[in-house]
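The block underneath contains the structure these notes are about, expressed in structure tokens.
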Amino acid sequence: MNISRFHKEDAHPTHNDTILAMDVLPAGVRAPFDHAWGYLDGPSAMEGHAHPTAEIYFFHRGDGVVIVGDEEQHVSPGDVVEIPPDVYHTVRNEKKGELLWFALWWKPMP
């Protein structure tokens with residue numbers, strides 16, 4: 001059995017050093033999508049961005065705010081957010097403490 005879990009000390013800075021990230025799936029698991037944990041120590045925010053892939057965020061720990069396009073919504077553990085291709089998005093942790101989510105992204109299907 002191969003188990004993977006987010007560990008802050010194993011994560012690396014990404015999005016211009018605004019979040020920590022690491023792979024979600026255990027090493028060697030092949031999937032039809034890319035994946036990463038996202039981690040914010042609050043208060044802080046991920047660099048906003050857009051890309052040509054579809055994406056989904058699954059919030060795992062903490063409370064935060066996600067912005068997708070011109071919509072802003074509070075998120076907490078158990079929330080799942082769809083991010084369409086080429087739409088600006090970001091995550092904010094407005095409180096002291098951890099905000100942890102994982103993202104899956106893939107090329108849009110025709």
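Naming works like this for the structure tokens: A, B, ... for the chains as they're shown, residue 1 at the start of each chain, ligands 1 onward in shown order.
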
Determine, counting only C-alpha atoms, which protein, DNA and RNA residues have an atom within 9 Å of an atom of region 7-24 of chain A; residues of the same chain fewer than 5 positions away are not included. Present the result as a list of chain:residue names.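 In the requested format, the answer is A:Asp34, A:His35, A:Ala36, A:Trp37, A:Gly38, A:Tyr39, A:Leu40, A:Asp41, A:Ser44, A:Ala45, A:Met46, A:Glu47, A:Gly48, A:His49, A:Phe102, A:Ala103, A:Leu104.
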
What's around Val65 (chain A) at 9 Å? Count only C-alpha atoms, leave out sequence neighbours fewer than 3 positions away in its own chain, and write the answer as an NGL selection string. :A and (72-76 or 90-94)

Let's have the selection written as a tab-separated table (two decimals), in the first residue's frame, with C-alpha atoms.
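out.tsv was written with the following content:
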chain	number	residue	atom	x	y	z
A	72	GLU	CA	-15.95	35.58	-4.46
A	73	GLN	CA	-17.04	32.85	-2.03
A	74	HIS	CA	-16.14	31.69	1.49
A	75	VAL	CA	-14.82	28.10	1.54
A	76	SER	CA	-14.23	25.53	4.28
A	90	THR	CA	-7.02	32.91	-6.50
A	91	VAL	CA	-7.35	31.75	-2.89
A	92	ARG	CA	-7.04	33.89	0.25
A	93	ASN	CA	-6.52	32.84	3.84
A	94	GLU	CA	-7.77	35.82	5.84

Can you tell me which residues surround Pro84 (chain A) at a distance of at most 8 Å, considering only C-alpha atoms, apart from same-chain residues fewer than 6 positions away, and format the answer as a PyMOL selection string? chain A and resi 53-55

Since we have the selection now, will you write its residues out, keeping C-alpha atoms, as a PDB file, in the first residue's frame?
ATOM      1  CA  THR A  53      -6.764  23.914 -18.212  1.00  0.00           C
ATOM      2  CA  ALA A  54      -9.964  23.110 -16.343  1.00  0.00           C
ATOM      3  CA  GLU A  55      -9.401  22.801 -12.587  1.00  0.00           C
TER       4      GLU A  55
END

I'd like the interatomic distance between CA of Gly78 (chain A) and CA of Phe58 (chain A), to a tenth of an Å.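 Result for CA of Gly78 (chain A) versus CA of Phe58 (chain A): 6.8 Å, one decimal.
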
Straight-line distance linking CA of His51 (chain A) with CA of Val87 (chain A), stated in Å to one decimal: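 A separation of 7.1 Å between them.
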
Quick one, how far is CA of His89 (chain A) from CA of Trp101 (chain A)?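 It comes out at 14.2 Å.
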
Sel. of strand (DSSP E or B) residues, chain A, as a PyMOL selection string: chain A and resi 12-14+19-22+34-45+49+54-61+64-68+71-75+80-83+89-106

Write out as an MDAnalysis selection string which residues come within 10 Å of Gly42 (chain A) when counting only C-alpha atoms, dropping same-chain ones fewer than 4 positions away. chainID A and resid 62:64 92:99

With C-alpha atoms retained, could you export that selection as a CSV table (one decimal), in the first residue's frame?
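Saved file again.csv follows:
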chain,number,residue,atom,x,y,z
A,62,GLY,CA,-9.1,25.8,7.4
A,63,ASP,CA,-11.4,28.5,6.1
A,64,GLY,CA,-10.7,30.9,3.3
A,92,ARG,CA,-7.0,33.9,0.3
A,93,ASN,CA,-6.5,32.8,3.8
A,94,GLU,CA,-7.8,35.8,5.8
A,95,LYS,CA,-7.3,34.2,9.3
A,96,LYS,CA,-4.3,33.2,11.3
A,97,GLY,CA,-3.7,29.5,10.7
A,98,GLU,CA,-3.6,26.9,7.9
A,99,LEU,CA,-5.6,26.7,4.7

Which residue, A:Ile3, A:Ile83, A:Leu100, A:Val66, has the smallest gap to Pro52 (chain A) when you use only C-alpha atoms?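 Residue with the minimum atom-to-atom distance to Pro52 (chain A): A:Ile83.
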
I need the residue nearest Gly69 (chain A) from this list: A:Val81, A:Ala27, A:Tyr88, A:Ile56. Use only C-alpha atoms for the distance. A:Tyr88
